>>> print(open('final-v2.pdb').read())   # PDB, C-alpha atoms
ATOM      1  CA  MET A   1      88.934 -17.051  16.299
ATOM      2  CA  LEU A   2      88.527 -16.000  12.696
ATOM      3  CA  GLY A   3      88.442 -19.628  11.592
ATOM      4  CA  MET A   4      85.584 -20.435  13.980
ATOM      5  CA  GLU A   5      83.578 -17.483  12.684
ATOM      6  CA  VAL A   6      84.061 -18.643   9.090
ATOM      7  CA  LEU A   7      82.860 -22.138   9.990
ATOM      8  CA  ALA A   8      79.806 -20.763  11.710
ATOM      9  CA  MET A   9      78.955 -18.625   8.698
ATOM     10  CA  ALA A  10      79.332 -21.586   6.317
ATOM     11  CA  ARG A  11      76.663 -23.666   8.076
ATOM     12  CA  PRO A  12      73.229 -23.623   6.463
ATOM     13  CA  THR A  13      70.708 -21.841   8.631
ATOM     14  CA  LYS A  14      67.487 -23.123   7.070
ATOM     15  CA  THR A  15      66.486 -26.576   5.866
ATOM     16  CA  SER A  16      64.390 -26.957   2.752
ATOM     17  CA  THR A  17      60.977 -28.389   3.579
ATOM     18  CA  THR A  18      60.860 -30.452   0.384
ATOM     19  CA  ASN A  19      64.109 -32.293   1.191
ATOM     20  CA  SER A  20      63.144 -33.004   4.801
ATOM     21  CA  ASN A  21      60.068 -34.952   3.632
ATOM     22  CA  MET A  22      62.099 -37.239   1.352
ATOM     23  CA  SER A  23      62.848 -40.794   2.398
ATOM     24  CA  PRO A  24      66.432 -42.082   2.136
ATOM     25  CA  ALA A  25      65.358 -44.174  -0.873
ATOM     26  CA  ASP A  26      64.035 -41.020  -2.586
ATOM     27  CA  VAL A  27      67.323 -39.244  -2.005
ATOM     28  CA  ALA A  28      69.280 -42.234  -3.343
ATOM     29  CA  ARG A  29      67.151 -42.385  -6.493
ATOM     30  CA  ARG A  30      67.546 -38.657  -7.067
ATOM     31  CA  LEU A  31      71.332 -38.822  -6.695
ATOM     32  CA  ALA A  32      71.573 -41.923  -8.919
ATOM     33  CA  SER A  33      69.629 -40.179 -11.666
ATOM     34  CA  ARG A  34      72.251 -37.404 -11.777
ATOM     35  CA  THR A  35      74.903 -39.785 -13.106
ATOM     36  CA  SER A  36      74.740 -40.326 -16.840
ATOM     37  CA  PRO A  37      74.999 -43.972 -18.006
ATOM     38  CA  GLY A  38      78.397 -43.491 -19.721
ATOM     39  CA  ARG A  39      80.163 -41.952 -16.725
ATOM     40  CA  GLU A  40      82.143 -43.898 -14.175
ATOM     41  CA  ARG A  41      80.573 -44.459 -10.792
ATOM     42  CA  PRO A  42      81.519 -41.733  -8.294
ATOM     43  CA  GLU A  43      82.800 -44.203  -5.670
ATOM     44  CA  GLU A  44      85.390 -45.510  -8.141
ATOM     45  CA  GLY A  45      86.592 -42.026  -8.929
ATOM     46  CA  GLY A  46      88.304 -43.124 -12.134
ATOM     47  CA  TRP A  47      91.221 -44.848 -10.372
ATOM     48  CA  ARG A  48      92.832 -47.996 -11.762
ATOM     49  CA  ARG A  49      93.786 -50.452  -9.035
ATOM     50  CA  GLU A  50      95.670 -53.722  -9.046
ATOM     51  CA  THR A  51      96.321 -55.937  -6.022
ATOM     52  CA  PHE A  52      99.401 -58.171  -5.773
ATOM     53  CA  ARG A  53     100.504 -60.924  -3.352
ATOM     54  CA  LEU A  54     104.244 -61.393  -3.844
ATOM     55  CA  PRO A  55     107.446 -62.215  -1.974
ATOM     56  CA  ARG A  56     109.020 -59.071  -0.496
ATOM     57  CA  ASP A  57     111.772 -58.630  -3.127
ATOM     58  CA  LEU A  58     109.398 -59.147  -6.031
ATOM     59  CA  ALA A  59     106.839 -56.801  -4.414
ATOM     60  CA  ARG A  60     109.453 -54.015  -4.251
ATOM     61  CA  LYS A  61     110.428 -54.640  -7.866
ATOM     62  CA  THR A  62     106.799 -54.573  -9.031
ATOM     63  CA  ALA A  63     106.054 -51.329  -7.185
ATOM     64  CA  ARG A  64     109.179 -49.694  -8.675
ATOM     65  CA  GLU A  65     108.112 -50.811 -12.166
ATOM     66  CA  TRP A  66     104.692 -49.214 -11.641
ATOM     67  CA  PHE A  67     106.297 -45.925 -10.600
ATOM     68  CA  GLU A  68     108.580 -46.048 -13.665
ATOM     69  CA  ARG A  69     105.778 -46.926 -16.088
ATOM     70  CA  TYR A  70     103.228 -44.545 -14.511
ATOM     71  CA  PRO A  71     105.138 -41.595 -12.981
ATOM     72  CA  LYS A  72     103.590 -40.214  -9.816
ATOM     73  CA  ALA A  73     103.596 -36.640 -11.141
ATOM     74  CA  ALA A  74     101.457 -37.574 -14.150
ATOM     75  CA  TYR A  75      99.313 -40.506 -12.934
ATOM     76  CA  LEU A  76      99.251 -39.850  -9.146
ATOM     77  CA  THR A  77     100.531 -43.394  -8.729
ATOM     78  CA  ALA A  78     100.597 -44.644  -5.144
ATOM     79  CA  VAL A  79     100.754 -47.762  -3.005
ATOM     80  CA  GLU A  80      97.201 -47.533  -1.706
ATOM     81  CA  SER A  81      97.561 -50.194   0.984
ATOM     82  CA  TRP A  82      99.858 -53.026   1.982
ATOM     83  CA  ARG A  83     100.217 -55.771   4.611
ATOM     84  CA  VAL A  84     102.394 -58.761   5.421
ATOM     85  CA  LEU A  85     100.575 -62.070   5.003
ATOM     86  CA  GLU A  86     101.053 -65.020   7.367
ATOM     87  CA  ASP A  87     103.305 -66.795   4.862
ATOM     88  CA  GLY A  88     105.605 -63.735   4.638
ATOM     89  CA  ARG A  89     104.392 -62.482   1.271
ATOM     90  CA  ILE A  90     103.383 -58.858   0.835
ATOM     91  CA  GLU A  91      99.867 -58.016  -0.305
ATOM     92  CA  PHE A  92      99.629 -54.516  -1.741
ATOM     93  CA  THR A  93      97.348 -52.478  -3.948
ATOM     94  CA  MET A  94      98.734 -50.046  -6.507
ATOM     95  CA  ARG A  95      96.556 -47.141  -7.605
ATOM     96  CA  ARG A  96      96.869 -44.760 -10.562
ATOM     97  CA  LEU A  97      94.818 -42.562 -12.837
ATOM     98  CA  PRO A  98      93.904 -44.162 -16.177
ATOM     99  CA  SER A  99      95.721 -41.531 -18.264
ATOM    100  CA  ALA A 100      98.034 -38.580 -17.852
ATOM    101  CA  ASP A 101      96.445 -35.368 -19.065
TER     102      ASP A 101
END
>>> encode(input="final-v2.pdb", output="structure tokens")
Amino acid sequence: MLGMEVLAMARPTKTSTTNSNMSPADVARRLASRTSPGRERPEEGGWRRETFRLPRDLARKTAREWFERYPKAAYLTAVESWRVLEDGRIEFTMRRLPSAD
């Protein structure tokens, strides 16, 4: 029950009257103004993605090359999504961070 008590305590108990009078467009403008022009958009999150449509053997080879070139431990490299197309090729998206820090 301790976990439930913690969740209950974490909930806000009072809503700010200034925020409740804002329209959704006002909220969107306020949030957009927080991002400086030089920064990447928050929905992108700084990930580099590349989508491939290859025969199965070549798809495996390409994914292995990505993991060798951009090690998972440093770049958080991952196969983000994949599917088999009607013609038997594999469509997959590789994701990685732009640099290893």
>>> atom_distance(input="final-v2.pdb", atom1="atom CA of Arg60 of chain A", atom2="atom CA of Arg95 of chain A")
15.0 Å
>>> resolve_selection(input="final-v2.pdb", expression="the PyMOL selection byres ((chain A and resi 63) around 12)", output="PyMOL selection string")
chain A and resi 50-54+56-62+64-72+77-82+90-96
>>> atom_distance(input="final-v2.pdb", atom1="atom CA of Leu76 of chain A", atom2="atom CA of Arg49 of chain A")
11.9 Å
>>> atom_distance(input="final-v2.pdb", atom1="atom CA of Ala73 of chain A", atom2="atom CA of Pro98 of chain A")
13.3 Å
